[in-house]
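Asks: My file is protein_29.cif. It has mmCIF, C-alpha atoms:
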```cif
data_target
loop_
_atom_site.label_atom_id
_atom_site.label_comp_id
_atom_site.auth_asym_id
_atom_site.auth_seq_id
_atom_site.Cartn_x
_atom_site.Cartn_y
_atom_site.Cartn_z
CA GLY A 1020 0.00 0.00 0.00
CA ALA A 1021 0.86 3.60 0.49
CA GLY A 1022 3.03 2.89 3.55
CA LEU A 1023 5.26 0.54 1.60
CA PHE A 1024 5.54 3.01 -1.27
CA LEU A 1025 6.55 5.80 1.14
CA PHE A 1026 9.08 3.49 2.78
CA CYS A 1027 10.60 2.63 -0.61
CA ILE A 1028 10.90 6.30 -1.56
CA LEU A 1029 12.50 7.30 1.75
CA TYR A 1030 14.80 4.29 1.73
CA SER A 1031 15.96 4.96 -1.82
CA LEU A 1032 16.69 8.58 -0.95
CA ALA A 1033 18.56 7.58 2.21
CA VAL A 1034 20.83 5.04 0.50
CA THR A 1035 21.40 6.73 -2.87
CA VAL A 1036 20.95 10.49 -2.77
CA LEU A 1037 21.97 11.33 0.81
CA PRO A 1038 25.43 9.69 0.67
CA TYR A 1039 26.37 11.63 -2.48
CA ILE A 1040 25.18 14.90 -0.98
CA LEU A 1041 27.14 14.28 2.21
CA TYR A 1042 30.22 13.18 0.25
CA THR A 1043 30.10 16.31 -1.91
CA GLN A 1044 29.64 18.56 1.12
CA GLY A 1045 32.50 16.80 2.89
CA LEU A 1046 34.86 17.51 -0.01
CA VAL A 1047 34.78 21.18 0.99
CA PHE A 1048 36.85 20.31 4.07
CA VAL A 1049 39.44 18.12 2.31
CA GLU A 1050 42.44 19.12 0.20
CA ASN A 1051 42.15 18.42 -3.52
CA SER A 1052 45.00 15.93 -3.56
CA LYS A 1053 43.56 13.95 -0.66
CA ALA A 1054 40.09 13.99 -2.21
CA SER A 1055 41.40 12.53 -5.46
CA VAL A 1056 43.23 9.76 -3.61
CA MET A 1057 40.08 8.98 -1.62
CA ALA A 1058 37.99 8.79 -4.79
CA PHE A 1059 40.67 6.71 -6.48
CA SER A 1060 40.70 4.16 -3.66
CA GLU A 1061 36.92 3.64 -3.47
CA PRO A 1062 36.83 0.67 -5.88
CA LEU A 1063 39.68 -0.96 -3.96
CA THR A 1064 37.82 -0.50 -0.68
CA ALA A 1065 34.62 -1.94 -2.12
CA THR A 1066 36.51 -4.94 -3.50
CA LEU A 1067 38.29 -5.63 -0.22
CA LEU A 1068 35.03 -5.34 1.72
CA GLY A 1069 33.45 -7.85 -0.65
CA ILE A 1070 36.34 -10.24 -0.16
CA PHE A 1071 36.57 -10.00 3.63
CA ILE A 1072 32.93 -9.45 4.64
CA TYR A 1073 31.06 -11.45 2.00
CA SER A 1074 33.78 -14.07 1.39
CA GLU A 1075 33.87 -13.32 -2.33
CA ILE A 1076 36.63 -15.09 -4.19
CA PRO A 1077 38.64 -12.67 -6.33
CA ASN A 1078 39.38 -13.72 -9.89
CA PHE A 1079 42.47 -12.90 -11.92
CA LEU A 1080 41.13 -9.55 -13.19
CA THR A 1081 40.15 -8.50 -9.67
CA VAL A 1082 43.67 -9.19 -8.42
CA CYS A 1083 45.11 -7.29 -11.40
CA GLY A 1084 42.83 -4.34 -10.59
CA ILE A 1085 43.90 -4.35 -6.95
CA ILE A 1086 47.57 -4.37 -7.97
CA LEU A 1087 47.04 -1.54 -10.48
CA ILE A 1088 45.18 0.64 -7.97
CA LEU A 1089 47.79 0.05 -5.26
CA GLY A 1090 50.53 0.85 -7.77
CA ALA A 1091 48.81 4.07 -8.81
CA LEU A 1092 48.29 5.09 -5.18
CA PHE A 1093 51.97 4.44 -4.55
CA ILE A 1094 52.99 6.54 -7.55
CA LEU A 1095 50.70 9.39 -6.47
CA ASN A 1096 52.22 9.44 -2.99
CA VAL A 1097 55.91 9.17 -3.89
CA PRO A 1098 57.66 12.55 -3.73
CA ARG A 1099 58.64 13.81 -7.16
CA ILE A 1100 62.29 14.10 -8.12
CA LYS A 1101 63.24 17.64 -9.14
CA LYS A 1102 65.69 16.57 -11.85
CA PHE A 1103 63.07 14.40 -13.55
CA ASP A 1104 60.44 17.16 -13.46
CA GLU A 1105 62.81 19.78 -14.91
CA LYS A 1106 64.05 17.46 -17.62
CA TRP A 1107 60.65 16.27 -18.88
CA CYS A 1108 58.34 19.21 -18.17
#
```
Please render this file's structure as structure tokens.

Replies:
Amino acid sequence: GAGLFLFCILYSLAVTVLPYILYTQGLVFVENSKASVMAFSEPLTATLLGIFIYSEIPNFLTVCGIILILGALFILNVPRIKKFDEKWC
């Protein structure tokens, strides 16, 4: 009935719209570089939660994705070498 319909509408707003609004508002308080790293690591976090909480078994592509994301996070956090930047930029 109407109660179930209202529940579905409120539930869908609470689990889809509200998190994005709060995430966007929270970005105001975070540095740009940290926000990009956080956004970059979201798929990794979701994958690891699936593996550890839901006992999902990762396949070859999942493991490759984890390695690529960790590698990219490492590269983003390594201090840049001045000589390299001056030579190539």

Asks: Identify the residues around (43.3, 0.3, -3.4) within a radius of 10 Å, measuring from only C-alpha atoms in the coordinates stated by the file, and give them as number ranges by chain.

Replies: A: 1056-1057, 1059-1067, 1084-1093

Asks: What is the CA of Asn1096 (chain A)-CA of Ser1052 (chain A) distance in Å, reported with one decimal?

Replies: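 Computed distance, CA of Asn1096 (chain A) to CA of Ser1052 (chain A), equals 9.7 Å.
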
Asks: Could you check how far CA of Glu1075 (chain A) sits from CA of Ser1031 (chain A), in Å to one decimal?

Replies: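 These atoms are spaced 25.6 Å apart.
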
Asks: Which distance in Å separates CA of Tyr1039 (chain A) and CA of Asn1051 (chain A), to one decimal?

Replies: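 So the answer is 17.2 Å.
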